[in-house]
>>> print(open('structure-v8.pdb').read())   # PDB, N, CA and C atoms
ATOM      1  N   GLY A1153    -169.345  61.899 -17.187
ATOM      2  CA  GLY A1153    -169.081  63.282 -17.123
ATOM      3  C   GLY A1153    -169.342  63.864 -15.748
ATOM      4  N   THR A1154    -169.822  65.045 -15.755
ATOM      5  CA  THR A1154    -170.001  65.814 -14.536
ATOM      6  C   THR A1154    -170.894  65.129 -13.500
ATOM      7  N   PRO A1155    -172.027  64.514 -13.876
ATOM      8  CA  PRO A1155    -172.849  63.846 -12.852
ATOM      9  C   PRO A1155    -172.123  62.702 -12.143
ATOM     10  N   ASP A1156    -171.096  62.145 -12.764
ATOM     11  CA  ASP A1156    -170.304  61.106 -12.107
ATOM     12  C   ASP A1156    -169.341  61.707 -11.086
ATOM     13  N   ILE A1157    -169.064  62.971 -11.222
ATOM     14  CA  ILE A1157    -168.112  63.641 -10.332
ATOM     15  C   ILE A1157    -168.842  64.404  -9.228
ATOM     16  N   VAL A1158    -169.826  65.198  -9.612
ATOM     17  CA  VAL A1158    -170.577  66.018  -8.653
ATOM     18  C   VAL A1158    -171.797  65.241  -8.187
ATOM     19  N   LYS A1159    -171.932  65.107  -6.869
ATOM     20  CA  LYS A1159    -173.113  64.485  -6.288
ATOM     21  C   LYS A1159    -174.080  65.602  -5.900
ATOM     22  N   GLU A1160    -175.189  65.647  -6.587
ATOM     23  CA  GLU A1160    -176.180  66.712  -6.426
ATOM     24  C   GLU A1160    -176.550  66.915  -4.957
ATOM     25  N   GLY A1161    -176.390  68.162  -4.511
ATOM     26  CA  GLY A1161    -176.758  68.522  -3.159
ATOM     27  C   GLY A1161    -175.763  68.103  -2.095
ATOM     28  N   GLU A1162    -174.763  67.333  -2.465
ATOM     29  CA  GLU A1162    -173.763  66.857  -1.506
ATOM     30  C   GLU A1162    -172.410  67.524  -1.746
ATOM     31  N   THR A1163    -171.914  67.424  -2.976
ATOM     32  CA  THR A1163    -170.628  68.027  -3.307
ATOM     33  C   THR A1163    -170.781  69.242  -4.215
ATOM     34  N   GLY A1164    -172.001  69.553  -4.567
ATOM     35  CA  GLY A1164    -172.276  70.689  -5.437
ATOM     36  C   GLY A1164    -173.676  70.595  -5.998
ATOM     37  N   PHE A1165    -173.945  71.458  -6.947
ATOM     38  CA  PHE A1165    -175.232  71.455  -7.630
ATOM     39  C   PHE A1165    -175.016  71.233  -9.111
ATOM     40  N   LEU A1166    -175.949  70.557  -9.746
ATOM     41  CA  LEU A1166    -175.936  70.366 -11.192
ATOM     42  C   LEU A1166    -177.098  71.155 -11.786
ATOM     43  N   VAL A1167    -176.815  71.877 -12.847
ATOM     44  CA  VAL A1167    -177.880  72.577 -13.577
ATOM     45  C   VAL A1167    -177.719  72.262 -15.057
ATOM     46  N   HIS A1168    -178.828  72.251 -15.748
ATOM     47  CA  HIS A1168    -178.784  71.971 -17.180
ATOM     48  C   HIS A1168    -178.146  73.131 -17.935
ATOM     49  N   GLN A1169    -177.492  72.789 -19.026
ATOM     50  CA  GLN A1169    -176.877  73.810 -19.877
ATOM     51  C   GLN A1169    -177.906  74.836 -20.298
ATOM     52  N   LYS A1170    -177.473  76.050 -20.407
ATOM     53  CA  LYS A1170    -178.270  77.168 -20.901
ATOM     54  C   LYS A1170    -179.479  77.479 -20.021
ATOM     55  N   ASN A1171    -179.464  77.023 -18.756
ATOM     56  CA  ASN A1171    -180.550  77.333 -17.835
ATOM     57  C   ASN A1171    -180.038  78.347 -16.822
ATOM     58  N   ALA A1172    -180.006  79.595 -17.260
ATOM     59  CA  ALA A1172    -179.441  80.665 -16.444
ATOM     60  C   ALA A1172    -180.223  80.870 -15.152
ATOM     61  N   SER A1173    -181.532  80.703 -15.195
ATOM     62  CA  SER A1173    -182.318  80.927 -13.982
ATOM     63  C   SER A1173    -182.020  79.858 -12.927
ATOM     64  N   ALA A1174    -181.843  78.610 -13.346
ATOM     65  CA  ALA A1174    -181.500  77.539 -12.398
ATOM     66  C   ALA A1174    -180.105  77.783 -11.821
ATOM     67  N   LEU A1175    -179.182  78.222 -12.656
ATOM     68  CA  LEU A1175    -177.834  78.533 -12.183
ATOM     69  C   LEU A1175    -177.879  79.671 -11.159
ATOM     70  N   ALA A1176    -178.629  80.717 -11.477
ATOM     71  CA  ALA A1176    -178.760  81.852 -10.559
ATOM     72  C   ALA A1176    -179.382  81.406  -9.232
ATOM     73  N   GLU A1177    -180.369  80.534  -9.299
ATOM     74  CA  GLU A1177    -181.019  80.034  -8.087
ATOM     75  C   GLU A1177    -180.041  79.276  -7.198
ATOM     76  N   LYS A1178    -179.242  78.400  -7.802
ATOM     77  CA  LYS A1178    -178.271  77.617  -7.020
ATOM     78  C   LYS A1178    -177.163  78.509  -6.476
ATOM     79  N   MET A1179    -176.758  79.492  -7.243
ATOM     80  CA  MET A1179    -175.734  80.425  -6.761
ATOM     81  C   MET A1179    -176.263  81.224  -5.573
ATOM     82  N   LYS A1180    -177.535  81.627  -5.627
ATOM     83  CA  LYS A1180    -178.151  82.361  -4.527
ATOM     84  C   LYS A1180    -178.172  81.500  -3.265
ATOM     85  N   VAL A1181    -178.519  80.215  -3.423
ATOM     86  CA  VAL A1181    -178.521  79.303  -2.281
ATOM     87  C   VAL A1181    -177.137  79.266  -1.640
ATOM     88  N   LEU A1182    -176.106  79.170  -2.450
ATOM     89  CA  LEU A1182    -174.738  79.114  -1.918
ATOM     90  C   LEU A1182    -174.314  80.436  -1.290
ATOM     91  N   ILE A1183    -174.677  81.535  -1.902
ATOM     92  CA  ILE A1183    -174.327  82.855  -1.358
ATOM     93  C   ILE A1183    -174.973  83.052   0.006
ATOM     94  N   GLU A1184    -176.208  82.592   0.145
ATOM     95  CA  GLU A1184    -176.951  82.810   1.381
ATOM     96  C   GLU A1184    -176.666  81.763   2.462
ATOM     97  N   ASN A1185    -175.899  80.733   2.152
ATOM     98  CA  ASN A1185    -175.649  79.654   3.101
ATOM     99  C   ASN A1185    -174.162  79.321   3.198
ATOM    100  N   PRO A1186    -173.411  80.118   3.954
ATOM    101  CA  PRO A1186    -171.971  79.869   4.077
ATOM    102  C   PRO A1186    -171.646  78.474   4.605
ATOM    103  N   SER A1187    -172.441  77.958   5.535
ATOM    104  CA  SER A1187    -172.141  76.617   6.069
ATOM    105  C   SER A1187    -172.348  75.551   5.004
ATOM    106  N   LEU A1188    -173.339  75.736   4.136
ATOM    107  CA  LEU A1188    -173.555  74.792   3.037
ATOM    108  C   LEU A1188    -172.371  74.822   2.078
ATOM    109  N   ARG A1189    -171.883  76.029   1.758
ATOM    110  CA  ARG A1189    -170.694  76.151   0.890
ATOM    111  C   ARG A1189    -169.523  75.389   1.495
ATOM    112  N   LYS A1190    -169.306  75.593   2.786
ATOM    113  CA  LYS A1190    -168.187  74.951   3.468
ATOM    114  C   LYS A1190    -168.361  73.431   3.470
ATOM    115  N   ASP A1191    -169.554  72.966   3.799
ATOM    116  CA  ASP A1191    -169.810  71.519   3.837
ATOM    117  C   ASP A1191    -169.655  70.882   2.451
ATOM    118  N   MET A1192    -170.174  71.548   1.425
ATOM    119  CA  MET A1192    -170.037  71.021   0.061
ATOM    120  C   MET A1192    -168.576  71.012  -0.371
ATOM    121  N   GLY A1193    -167.848  72.047   0.010
ATOM    122  CA  GLY A1193    -166.426  72.098  -0.325
ATOM    123  C   GLY A1193    -165.656  70.955   0.309
ATOM    124  N   LYS A1194    -165.927  70.701   1.587
ATOM    125  CA  LYS A1194    -165.270  69.587   2.275
ATOM    126  C   LYS A1194    -165.656  68.255   1.652
ATOM    127  N   ALA A1195    -166.946  68.091   1.373
ATOM    128  CA  ALA A1195    -167.416  66.836   0.767
ATOM    129  C   ALA A1195    -166.790  66.633  -0.609
ATOM    130  N   GLY A1196    -166.671  67.712  -1.366
ATOM    131  CA  GLY A1196    -166.052  67.621  -2.687
ATOM    132  C   GLY A1196    -164.588  67.238  -2.603
ATOM    133  N   LEU A1197    -163.881  67.830  -1.667
ATOM    134  CA  LEU A1197    -162.468  67.494  -1.488
ATOM    135  C   LEU A1197    -162.311  66.035  -1.074
ATOM    136  N   ASN A1198    -163.143  65.590  -0.143
ATOM    137  CA  ASN A1198    -163.083  64.187   0.276
ATOM    138  C   ASN A1198    -163.391  63.246  -0.881
ATOM    139  N   ARG A1199    -164.400  63.587  -1.679
ATOM    140  CA  ARG A1199    -164.751  62.754  -2.830
ATOM    141  C   ARG A1199    -163.585  62.681  -3.811
ATOM    142  N   PHE A1200    -162.940  63.814  -4.048
ATOM    143  CA  PHE A1200    -161.778  63.838  -4.933
ATOM    144  C   PHE A1200    -160.678  62.921  -4.407
ATOM    145  N   LYS A1201    -160.355  63.062  -3.121
ATOM    146  CA  LYS A1201    -159.275  62.263  -2.538
ATOM    147  C   LYS A1201    -159.584  60.767  -2.574
ATOM    148  N   GLU A1202    -160.862  60.413  -2.450
ATOM    149  CA  GLU A1202    -161.256  59.004  -2.431
ATOM    150  C   GLU A1202    -161.375  58.391  -3.826
ATOM    151  N   ASN A1203    -161.594  59.231  -4.855
ATOM    152  CA  ASN A1203    -161.935  58.676  -6.163
ATOM    153  C   ASN A1203    -161.146  59.181  -7.363
ATOM    154  N   PHE A1204    -160.504  60.332  -7.265
ATOM    155  CA  PHE A1204    -160.015  60.958  -8.487
ATOM    156  C   PHE A1204    -158.569  61.428  -8.466
ATOM    157  N   THR A1205    -157.764  60.955  -7.522
ATOM    158  CA  THR A1205    -156.375  61.407  -7.498
ATOM    159  C   THR A1205    -155.579  60.735  -8.620
ATOM    160  N   LEU A1206    -154.452  61.310  -8.947
ATOM    161  CA  LEU A1206    -153.571  60.737  -9.959
ATOM    162  C   LEU A1206    -153.109  59.343  -9.536
ATOM    163  N   GLU A1207    -152.822  59.162  -8.268
ATOM    164  CA  GLU A1207    -152.385  57.848  -7.775
ATOM    165  C   GLU A1207    -153.452  56.779  -8.003
ATOM    166  N   LEU A1208    -154.704  57.106  -7.729
ATOM    167  CA  LEU A1208    -155.792  56.150  -7.977
ATOM    168  C   LEU A1208    -155.918  55.839  -9.465
ATOM    169  N   PHE A1209    -155.828  56.874 -10.289
ATOM    170  CA  PHE A1209    -155.900  56.681 -11.733
ATOM    171  C   PHE A1209    -154.789  55.761 -12.213
ATOM    172  N   GLU A1210    -153.570  56.024 -11.751
ATOM    173  CA  GLU A1210    -152.429  55.200 -12.162
ATOM    174  C   GLU A1210    -152.600  53.754 -11.709
ATOM    175  N   ASN A1211    -153.074  53.547 -10.477
ATOM    176  CA  ASN A1211    -153.290  52.182  -9.985
ATOM    177  C   ASN A1211    -154.351  51.456 -10.799
ATOM    178  N   ASN A1212    -155.447  52.140 -11.090
ATOM    179  CA  ASN A1212    -156.515  51.530 -11.892
ATOM    180  C   ASN A1212    -156.027  51.197 -13.298
ATOM    181  N   LEU A1213    -155.253  52.092 -13.876
ATOM    182  CA  LEU A1213    -154.703  51.849 -15.207
ATOM    183  C   LEU A1213    -153.759  50.654 -15.182
ATOM    184  N   ALA A1214    -152.926  50.558 -14.168
ATOM    185  CA  ALA A1214    -151.996  49.429 -14.058
ATOM    186  C   ALA A1214    -152.750  48.105 -13.961
ATOM    187  N   VAL A1215    -153.848  48.093 -13.213
ATOM    188  CA  VAL A1215    -154.660  46.869 -13.097
ATOM    189  C   VAL A1215    -155.236  46.496 -14.456
ATOM    190  N   ILE A1216    -155.769  47.459 -15.166
ATOM    191  CA  ILE A1216    -156.348  47.193 -16.484
ATOM    192  C   ILE A1216    -155.289  46.675 -17.448
ATOM    193  N   LEU A1217    -154.135  47.325 -17.474
ATOM    194  CA  LEU A1217    -153.065  46.897 -18.375
ATOM    195  C   LEU A1217    -152.579  45.492 -18.027
ATOM    196  N   GLN A1218    -152.479  45.184 -16.742
ATOM    197  CA  GLN A1218    -152.059  43.846 -16.332
ATOM    198  C   GLN A1218    -153.089  42.802 -16.776
ATOM    199  N   GLU A1219    -154.377  43.122 -16.680
ATOM    200  CA  GLU A1219    -155.420  42.207 -17.138
ATOM    201  C   GLU A1219    -155.317  41.954 -18.641
ATOM    202  N   VAL A1220    -155.032  43.001 -19.401
ATOM    203  CA  VAL A1220    -154.883  42.855 -20.855
ATOM    204  C   VAL A1220    -153.676  41.975 -21.168
ATOM    205  N   ILE A1221    -152.571  42.227 -20.487
ATOM    206  CA  ILE A1221    -151.358  41.428 -20.711
ATOM    207  C   ILE A1221    -151.624  39.965 -20.378
ATOM    208  N   THR A1222    -152.242  39.717 -19.239
ATOM    209  CA  THR A1222    -152.549  38.345 -18.824
ATOM    210  C   THR A1222    -153.485  37.670 -19.826
ATOM    211  N   HIS A1223    -154.496  38.382 -20.263
ATOM    212  CA  HIS A1223    -155.448  37.820 -21.225
ATOM    213  C   HIS A1223    -154.749  37.467 -22.549
ATOM    214  N   ASN A1224    -153.866  38.353 -23.006
ATOM    215  CA  ASN A1224    -153.157  38.115 -24.267
ATOM    216  C   ASN A1224    -152.197  36.938 -24.153
ATOM    217  N   ARG A1225    -151.565  36.785 -23.013
ATOM    218  CA  ARG A1225    -150.651  35.648 -22.803
ATOM    219  C   ARG A1225    -151.420  34.330 -22.812
ATOM    220  N   MET A1226    -152.610  34.337 -22.239
ATOM    221  CA  MET A1226    -153.421  33.123 -22.179
ATOM    222  C   MET A1226    -153.920  32.716 -23.560
ATOM    223  N   LYS A1227    -154.108  33.676 -24.450
ATOM    224  CA  LYS A1227    -154.576  33.410 -25.800
ATOM    225  C   LYS A1227    -153.477  32.769 -26.645
ATOM    226  N   ASN A1228    -152.237  33.080 -26.353
ATOM    227  CA  ASN A1228    -151.113  32.606 -27.182
ATOM    228  C   ASN A1228    -150.584  31.312 -26.714
TER     229      ASN A1228
END
>>> encode(input="structure-v8.pdb", output="structure tokens")
Amino acid sequence: GTPDIVKEGETGFLVHQKNASALAEKMKVLIENPSLRKDMGKAGLNRFKENFTLELFENNLAVILQEVITHNRMKN
């Protein structure tokens, strides 16, 4: 889930559900630090491009499907 996508302190902040005070604290940090917002935004975009694009997903899926096909052929 989210912890696999967001790297704490690098691409964003993670807070526990229903912890409004922690959320408010992290939002305050971002409001008061424009350079941190910018750096986290850039890091998040880079992380997305390196790990989560549709092209990467399709390539990974194709590899998995090819492995299944190969495994099934070897069984028969």
>>> atom_distance(input="structure-v8.pdb", atom1="CA of Lys1194 in chain A", atom2="CA of Gly1164 in chain A")
10.5 Å
>>> resolve_selection(input="structure-v8.pdb", expression="the PyMOL selection byres ((chain A and resi 1163) around 6)", output="count of residues only")
11
>>> atom_distance(input="structure-v8.pdb", atom1="CA of Val1167 in chain A", atom2="CA of Pro1155 in chain A")
10.1 Å
>>> atom_distance(input="structure-v8.pdb", atom1="CA of Thr1154 in chain A", atom2="atom C of Val1181 in chain A")
20.0 Å
>>> select_by_dssp(input="structure-v8.pdb", residues="chain A", states="helix (DSSP H, G or I)", output="ChimeraX atom specification")
/A:1154-1157,1172-1184,1186-1203,1206-1227
